[in-house]
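> The following file, start_11.txt, comprises compact mmCIF, C-alpha atoms:
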# COMPACT_ATOMS: atom_id res chain seq x y z
CA MET K 1 -23.52 -69.23 13.01
CA ALA K 2 -25.58 -66.17 12.99
CA ALA K 3 -24.95 -63.65 10.30
CA GLN K 4 -23.32 -60.51 11.60
CA THR K 5 -24.48 -57.14 10.46
CA VAL K 6 -21.59 -55.12 9.16
CA LYS K 7 -21.84 -51.41 9.68
CA LYS K 8 -20.16 -49.31 7.08
CA LYS K 9 -18.34 -46.32 8.36
CA VAL K 10 -18.88 -43.33 6.13
CA VAL K 11 -15.85 -41.09 5.82
CA LYS K 12 -16.18 -37.80 4.07
CA VAL K 13 -13.16 -36.87 2.08
CA ALA K 14 -12.50 -33.29 1.15
CA PRO K 15 -12.19 -32.71 -2.55
CA PRO K 16 -8.66 -32.19 -3.77
CA PRO K 17 -7.63 -28.57 -3.64
CA ARG K 18 -8.20 -26.66 -6.81
CA SER K 19 -4.98 -25.85 -8.49
CA ALA K 20 -4.34 -22.15 -8.34
CA ALA K 21 -4.68 -20.34 -11.61
CA PRO K 22 -1.29 -19.82 -13.18
CA LEU K 23 0.19 -16.36 -13.00
CA PRO K 24 0.34 -14.40 -16.24
CA GLU K 25 3.75 -14.77 -17.84
CA GLY K 26 4.91 -11.23 -17.04
CA LEU K 27 3.81 -11.43 -13.42
CA ALA K 28 5.49 -14.82 -13.02
CA ALA K 29 8.72 -13.33 -14.37
CA VAL K 30 8.47 -10.45 -11.87
CA ARG K 31 7.82 -12.94 -9.04
CA ASP K 32 10.85 -15.01 -10.04
CA ALA K 33 13.09 -11.95 -10.38
CA LEU K 34 11.97 -10.60 -6.98
CA GLY K 35 12.64 -14.01 -5.45
CA ALA K 36 16.13 -14.00 -6.98
CA LEU K 37 16.73 -10.62 -5.31
CA GLY K 38 15.84 -12.16 -1.94
CA PHE K 39 12.25 -10.94 -1.55
CA ALA K 40 9.70 -13.35 -0.09
CA VAL K 41 6.89 -12.98 -2.61
CA GLN K 42 3.29 -14.09 -2.20
CA ALA K 43 1.61 -14.60 -5.57
CA ASP K 44 -2.02 -14.84 -6.59
CA ALA K 45 -3.20 -14.87 -10.21
CA GLU K 46 -6.19 -12.64 -9.44
CA SER K 47 -4.66 -10.05 -7.14
CA GLY K 48 -0.98 -10.09 -8.11
CA LEU K 49 2.18 -10.09 -6.03
CA ALA K 50 2.85 -8.97 -2.47
CA PHE K 51 6.22 -8.50 -0.78
CA MET K 52 7.72 -6.75 2.23
CA PHE K 53 10.28 -3.96 1.98
CA GLU K 54 11.61 -1.77 4.80
CA GLY K 55 8.76 -2.81 7.09
CA GLY K 56 5.96 -2.11 4.61
CA GLN K 57 3.92 -4.40 2.39
CA TYR K 58 4.05 -3.56 -1.30
CA TYR K 59 1.94 -4.93 -4.14
CA VAL K 60 2.31 -5.42 -7.85
CA PRO K 61 -1.31 -5.96 -8.95
CA ALA K 62 -2.23 -8.19 -11.87
CA GLN K 63 -2.97 -6.00 -14.91
CA GLY K 64 -4.99 -8.34 -17.05
CA ASP K 65 -4.34 -7.96 -20.74
CA ASP K 66 -1.85 -5.07 -20.54
CA ALA K 67 1.46 -6.95 -20.34
CA GLY K 68 3.58 -3.79 -20.58
CA PHE K 69 1.91 -1.90 -17.72
CA TYR K 70 3.29 -2.25 -14.18
CA HIS K 71 1.86 -0.77 -11.01
CA LEU K 72 3.72 -0.75 -7.69
CA LEU K 73 1.46 0.04 -4.71
CA PHE K 74 2.18 0.89 -1.10
CA PRO K 75 -1.32 0.93 0.44
CA ASN K 76 -2.62 2.09 3.80
CA PHE K 77 0.45 3.93 5.01
CA TRP K 78 -1.56 6.72 6.69
CA PRO K 79 -5.02 6.11 8.20
CA LEU K 80 -7.44 9.05 8.05
CA GLU K 81 -9.32 9.40 11.32
CA SER K 82 -11.47 12.49 10.77
CA ASP K 83 -12.92 14.73 8.07
CA GLU K 84 -10.40 17.39 9.04
CA GLU K 85 -7.52 14.95 8.59
CA TYR K 86 -8.99 13.85 5.25
CA GLY K 87 -8.89 17.47 4.06
CA GLN K 88 -5.30 17.83 5.26
CA ALA K 89 -4.41 14.58 3.46
CA LEU K 90 -5.85 15.86 0.17
CA PHE K 91 -3.75 19.00 0.52
CA ALA K 92 -0.65 16.92 1.38
CA CYS K 93 -1.24 14.49 -1.52
CA ASP K 94 -1.55 17.42 -3.91
CA ALA K 95 1.62 19.06 -2.56
CA VAL K 96 3.65 15.84 -2.87
CA ASN K 97 2.21 14.87 -6.27
CA ARG K 98 3.43 18.20 -7.69
CA GLU K 99 7.01 17.48 -6.62
CA ALA K 100 7.54 13.70 -6.47
CA LYS K 101 9.04 11.78 -9.36
CA LEU K 102 6.71 9.11 -10.78
CA VAL K 103 4.78 8.63 -7.52
CA LYS K 104 1.09 9.36 -7.10
CA LEU K 105 -0.46 9.64 -3.65
CA HIS K 106 -4.20 9.20 -3.25
CA THR K 107 -6.86 8.37 -0.69
CA VAL K 108 -8.74 5.06 -0.64
CA ASP K 109 -11.45 4.22 1.91
CA GLY K 110 -10.03 6.22 4.80
CA ASP K 111 -6.34 5.57 4.10
CA VAL K 112 -3.58 7.10 1.99
CA TRP K 113 -1.83 5.01 -0.66
CA ALA K 114 1.27 5.58 -2.78
CA GLY K 115 1.81 4.13 -6.23
CA VAL K 116 4.11 4.14 -9.23
CA GLU K 117 2.79 3.36 -12.68
CA ALA K 118 5.26 2.44 -15.40
CA LEU K 119 5.46 1.01 -18.89
CA HIS K 120 8.14 -1.59 -19.65
CA ALA K 121 8.58 -3.85 -22.65
CA GLN K 122 9.87 -6.72 -20.49
CA PRO K 123 9.23 -7.73 -16.86
CA GLN K 124 12.98 -7.73 -16.24
CA GLU K 125 13.05 -4.00 -17.06
CA PHE K 126 10.45 -3.35 -14.35
CA VAL K 127 12.42 -5.40 -11.82
CA ALA K 128 15.63 -3.57 -12.78
CA ALA K 129 13.89 -0.24 -12.08
CA LEU K 130 12.17 -1.49 -8.91
CA PRO K 131 14.85 -0.33 -6.41
CA ARG K 132 14.53 3.18 -7.79
CA TYR K 133 10.72 3.01 -7.70
CA LEU K 134 10.82 1.84 -4.07
CA SER K 135 13.13 4.74 -3.23
CA PHE K 136 10.77 7.22 -4.93
CA VAL K 137 7.79 5.81 -2.98
CA GLN K 138 9.65 6.09 0.32
CA GLU K 139 10.67 9.69 -0.45
CA ALA K 140 7.07 10.60 -1.30
CA VAL K 141 5.76 8.95 1.87
CA ARG K 142 8.31 10.88 3.97
CA ALA K 143 7.30 14.13 2.25
CA PHE K 144 3.62 13.37 2.86
CA ARG K 145 4.28 12.68 6.54
CA ASP K 146 6.24 15.94 6.85
CA VAL K 147 3.34 17.94 5.35
CA MET K 148 0.77 16.18 7.56
CA LEU K 149 2.82 16.62 10.73
CA ALA K 150 3.40 20.32 9.92
CA ALA K 151 -0.36 20.78 9.40
CA GLN K 152 -1.11 19.03 12.68
CA GLU K 153 1.48 21.13 14.54
CA ALA K 154 0.01 24.30 13.01
CA GLY K 155 -3.46 23.18 14.12
CA ASP K 156 -2.19 22.50 17.63
CA ALA K 157 -0.57 25.95 17.76
CA GLU K 158 -3.85 27.57 16.65
CA GLU K 159 -5.73 25.73 19.40
CA ILE K 160 -3.24 27.05 21.97
CA GLU K 161 -3.63 30.62 20.64
CA ASP K 162 -7.43 30.33 20.85
CA VAL K 163 -7.34 29.58 24.58
CA PRO K 164 -7.96 32.84 26.45
CA GLU K 165 -5.23 33.82 28.84
CA ALA K 166 -6.17 34.00 32.48
CA GLN K 167 -6.59 37.61 33.57
CA PRO K 168 -5.64 38.60 37.09
CA GLU K 169 -8.61 39.68 39.16
CA PRO K 170 -8.63 43.31 40.14
CA VAL K 171 -7.66 43.99 43.72
CA ALA K 172 -10.20 46.05 45.58
Please render this file's structure as structure tokens.

Amino acid sequence: MAAQTVKKKVVKVAPPPRSAAPLPEGLAAVRDALGALGFAVQADAESGLAFMFEGGQYYVPAQGDDAGFYHLLFPNFWPLESDEEYGQALFACDAVNREAKLVKLHTVDGDVWAGVEALHAQPQEFVAALPRYLSFVQEAVRAFRDVMLAAQEAGDAEEIEDVPEAQPEPVA
């Protein structure tokens, strides 16, 4: 019998997935508490937590070594489409920041963000205060929108006033 040549089939196997870095203890406790409240939470050790509330995506970023500091962010709720709108947004952010409890509004790369910064000894304290923080953010966002819409309406009214009225032609 003739010897048969055996061809080896080479199969490339993907390496096993790297295990995700564990969440810091405080962030893991916040994730678990949010899950217990019914939130669907996405967690990443580097970026933090993300969850949906009232149609918006909120974040609790990882804070590194500061276990008592918590930051709730509602990013990108108002896109800025022109330099004029950017100026109006700065005015609106300033107006709301003077009045809103705990919330800071600011611009980031052509969008407006809202955030609450808080200090809590335990993650459970942050989660207990979270419904109130979410309410404060929503109130601030509504106030911002009101200021922006009023500014836009005022701008539209000025444009209408600037249009010269048609004058009747004299009859000869």
> Write out as a PDB file with C-alpha atoms, keeping the file's coordinate frame which residues come within 12 Å of Val108 in chain K when counting all atoms listed in the file, dropping same-chain ones fewer than 4 positions away.

ATOM      1  CA  PHE K  74       2.180   0.890  -1.100  1.00  0.00           C
ATOM      2  CA  PRO K  75      -1.320   0.930   0.440  1.00  0.00           C
ATOM      3  CA  ASN K  76      -2.620   2.090   3.800  1.00  0.00           C
ATOM      4  CA  PHE K  77       0.450   3.930   5.010  1.00  0.00           C
ATOM      5  CA  TRP K  78      -1.560   6.720   6.690  1.00  0.00           C
ATOM      6  CA  PRO K  79      -5.020   6.110   8.200  1.00  0.00           C
ATOM      7  CA  LEU K  80      -7.440   9.050   8.050  1.00  0.00           C
ATOM      8  CA  TYR K  86      -8.990  13.850   5.250  1.00  0.00           C
ATOM      9  CA  ALA K  89      -4.410  14.580   3.460  1.00  0.00           C
ATOM     10  CA  LEU K  90      -5.850  15.860   0.170  1.00  0.00           C
ATOM     11  CA  VAL K 112      -3.580   7.100   1.990  1.00  0.00           C
ATOM     12  CA  TRP K 113      -1.830   5.010  -0.660  1.00  0.00           C
ATOM     13  CA  ALA K 114       1.270   5.580  -2.780  1.00  0.00           C
ATOM     14  CA  GLY K 115       1.810   4.130  -6.230  1.00  0.00           C
TER      15      GLY K 115
END
> From the options K:Asp65, K:Val116, K:Phe144, K:Ser47, which residue's atoms come nearest to Phe91 in chain K, counting all atoms listed in the file?
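Ranking K:Asp65, K:Val116, K:Phe144, K:Ser47 by distance to Phe91 in chain K, first place goes to K:Phe144.
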> Kindly indicate which residue among K:Ala118, K:Ala40, K:Ala45, K:Ala140 lies nearest to Pro24 in chain K, using only C-alpha atoms for the distances.
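That would be K:Ala45, the residue with the smallest distance to Pro24 in chain K.
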> Counting all atoms listed in the file, write as a ChimeraX atom specification all protein and nucleic acid residues lying at most 10 Å from (1.4, -14.4, -19.5) in the file's frame.
/K:22-29,64-67
> Next, the residues of the selection above should be written as a PDB file, keeping the file's coordinate frame with C-alpha atoms.

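Written file, selection.pdb:
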ATOM      1  CA  PRO K  22      -1.290 -19.820 -13.180  1.00  0.00           C
ATOM      2  CA  LEU K  23       0.190 -16.360 -13.000  1.00  0.00           C
ATOM      3  CA  PRO K  24       0.340 -14.400 -16.240  1.00  0.00           C
ATOM      4  CA  GLU K  25       3.750 -14.770 -17.840  1.00  0.00           C
ATOM      5  CA  GLY K  26       4.910 -11.230 -17.040  1.00  0.00           C
ATOM      6  CA  LEU K  27       3.810 -11.430 -13.420  1.00  0.00           C
ATOM      7  CA  ALA K  28       5.490 -14.820 -13.020  1.00  0.00           C
ATOM      8  CA  ALA K  29       8.720 -13.330 -14.370  1.00  0.00           C
ATOM      9  CA  GLY K  64      -4.990  -8.340 -17.050  1.00  0.00           C
ATOM     10  CA  ASP K  65      -4.340  -7.960 -20.740  1.00  0.00           C
ATOM     11  CA  ASP K  66      -1.850  -5.070 -20.540  1.00  0.00           C
ATOM     12  CA  ALA K  67       1.460  -6.950 -20.340  1.00  0.00           C
TER      13      ALA K  67
END
> Can you tell me, as a PyMOL selection string, what residues are no more than 12 Å from Glu54 in chain K when counting all atoms listed in the file, ignoring any on the same chain fewer than 5 positions away?
chain K and resi 39+74+131+134-135+137-138
> Have a look at K:Val103, K:Val30, K:Glu125, K:Pro61 and name the one nearest to Asp44 in chain K; count all atoms listed in the file.
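Checking each candidate against Asp44 in chain K, we get K:Pro61 as the closest.
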> Would you mind telling me which residue in K:Gly35, K:Ala154, K:Gly55, K:Phe136 lies nearest to Glu99 in chain K when using all atoms listed in the file?
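Residue with the minimum atom-to-atom distance to Glu99 in chain K: K:Phe136.
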> Can you measure CA of Leu130 in chain K to CA of Leu34 in chain K for me? One decimal in Å is fine.
9.3 Å
> Please list as a PDB file with C-alpha atoms, in the coordinates of the input every residue within 8 Å of Tyr58 in chain K, counting all atoms listed in the file and excluding residues in the same chain fewer than 5 positions away.

ATOM      1  CA  ALA K  50       2.850  -8.970  -2.470  1.00  0.00           C
ATOM      2  CA  PHE K  51       6.220  -8.500  -0.780  1.00  0.00           C
ATOM      3  CA  MET K  52       7.720  -6.750   2.230  1.00  0.00           C
ATOM      4  CA  PHE K  53      10.280  -3.960   1.980  1.00  0.00           C
ATOM      5  CA  LEU K  72       3.720  -0.750  -7.690  1.00  0.00           C
ATOM      6  CA  LEU K  73       1.460   0.040  -4.710  1.00  0.00           C
ATOM      7  CA  PHE K  74       2.180   0.890  -1.100  1.00  0.00           C
ATOM      8  CA  PRO K  75      -1.320   0.930   0.440  1.00  0.00           C
TER       9      PRO K  75
END
> I need the residue nearest Ala121 in chain K from this list: K:Arg31, K:Gly68, K:Gln63, K:Gly56. Use only C-alpha atoms for the distance.
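Under the stated criterion, the closest residue is K:Gly68.
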> Can you complete the atoms of range 87-111 of chain K to N, CA, C and O atoms and list them as a compact mmCIF listing (two decimals), keeping the file's coordinate frame?

# COMPACT_ATOMS: atom_id res chain seq x y z
N GLY K 87 -9.18 16.24 4.80
CA GLY K 87 -8.89 17.47 4.06
C GLY K 87 -7.41 17.79 4.05
O GLY K 87 -6.85 18.18 3.03
N GLN K 88 -6.75 17.61 5.19
CA GLN K 88 -5.30 17.83 5.26
C GLN K 88 -4.57 16.85 4.35
O GLN K 88 -3.58 17.21 3.70
N ALA K 89 -5.05 15.60 4.30
CA ALA K 89 -4.41 14.58 3.46
C ALA K 89 -4.54 14.94 1.98
O ALA K 89 -3.60 14.74 1.21
N LEU K 90 -5.70 15.45 1.57
CA LEU K 90 -5.85 15.86 0.17
C LEU K 90 -4.87 16.96 -0.18
O LEU K 90 -4.24 16.94 -1.24
N PHE K 91 -4.72 17.92 0.73
CA PHE K 91 -3.75 19.00 0.52
C PHE K 91 -2.34 18.43 0.43
O PHE K 91 -1.56 18.78 -0.45
N ALA K 92 -1.99 17.51 1.36
CA ALA K 92 -0.65 16.92 1.38
C ALA K 92 -0.39 16.08 0.13
O ALA K 92 0.70 16.14 -0.45
N CYS K 93 -1.40 15.29 -0.29
CA CYS K 93 -1.24 14.49 -1.52
C CYS K 93 -0.96 15.40 -2.70
O CYS K 93 -0.06 15.13 -3.52
N ASP K 94 -1.73 16.48 -2.81
CA ASP K 94 -1.55 17.42 -3.91
C ASP K 94 -0.16 18.04 -3.89
O ASP K 94 0.52 18.12 -4.91
N ALA K 95 0.29 18.44 -2.70
CA ALA K 95 1.62 19.06 -2.56
C ALA K 95 2.71 18.08 -2.98
O ALA K 95 3.64 18.44 -3.71
N VAL K 96 2.62 16.83 -2.54
CA VAL K 96 3.65 15.84 -2.87
C VAL K 96 3.57 15.45 -4.34
O VAL K 96 4.60 15.32 -5.01
N ASN K 97 2.37 15.27 -4.87
CA ASN K 97 2.21 14.87 -6.27
C ASN K 97 2.82 15.89 -7.23
O ASN K 97 3.28 15.53 -8.31
N ARG K 98 2.83 17.17 -6.83
CA ARG K 98 3.43 18.20 -7.69
C ARG K 98 4.95 18.06 -7.77
O ARG K 98 5.55 18.46 -8.76
N GLU K 99 5.55 17.51 -6.72
CA GLU K 99 7.01 17.48 -6.62
C GLU K 99 7.64 16.10 -6.82
O GLU K 99 8.78 16.01 -7.26
N ALA K 100 6.95 15.05 -6.47
CA ALA K 100 7.54 13.70 -6.47
C ALA K 100 7.70 13.16 -7.88
O ALA K 100 6.85 13.35 -8.74
N LYS K 101 8.79 12.45 -8.08
CA LYS K 101 9.04 11.78 -9.36
C LYS K 101 8.24 10.49 -9.41
O LYS K 101 8.34 9.65 -8.52
N LEU K 102 7.44 10.33 -10.45
CA LEU K 102 6.71 9.11 -10.78
C LEU K 102 5.65 8.66 -9.79
O LEU K 102 4.80 7.86 -10.12
N VAL K 103 5.68 9.12 -8.56
CA VAL K 103 4.78 8.63 -7.52
C VAL K 103 3.49 9.44 -7.50
O VAL K 103 3.51 10.66 -7.65
N LYS K 104 2.39 8.72 -7.31
CA LYS K 104 1.09 9.36 -7.10
C LYS K 104 0.58 8.94 -5.73
O LYS K 104 0.56 7.74 -5.42
N LEU K 105 0.18 9.91 -4.94
CA LEU K 105 -0.46 9.64 -3.65
C LEU K 105 -1.95 9.87 -3.82
O LEU K 105 -2.35 10.81 -4.50
N HIS K 106 -2.76 9.04 -3.18
CA HIS K 106 -4.20 9.20 -3.25
C HIS K 106 -4.86 8.56 -2.04
O HIS K 106 -4.24 7.76 -1.34
N THR K 107 -6.11 8.94 -1.80
CA THR K 107 -6.86 8.37 -0.69
C THR K 107 -7.73 7.23 -1.20
O THR K 107 -8.25 7.27 -2.31
N VAL K 108 -7.88 6.20 -0.34
CA VAL K 108 -8.74 5.06 -0.64
C VAL K 108 -9.38 4.62 0.68
O VAL K 108 -8.67 4.22 1.61
N ASP K 109 -10.70 4.73 0.76
CA ASP K 109 -11.45 4.22 1.91
C ASP K 109 -10.82 4.56 3.27
O ASP K 109 -10.59 3.68 4.09
N GLY K 110 -10.52 5.81 3.49
CA GLY K 110 -10.03 6.22 4.80
C GLY K 110 -8.56 5.98 5.04
O GLY K 110 -8.10 5.99 6.18
N ASP K 111 -7.79 5.75 3.99
CA ASP K 111 -6.34 5.57 4.10
C ASP K 111 -5.68 6.30 2.95
O ASP K 111 -6.31 6.64 1.95
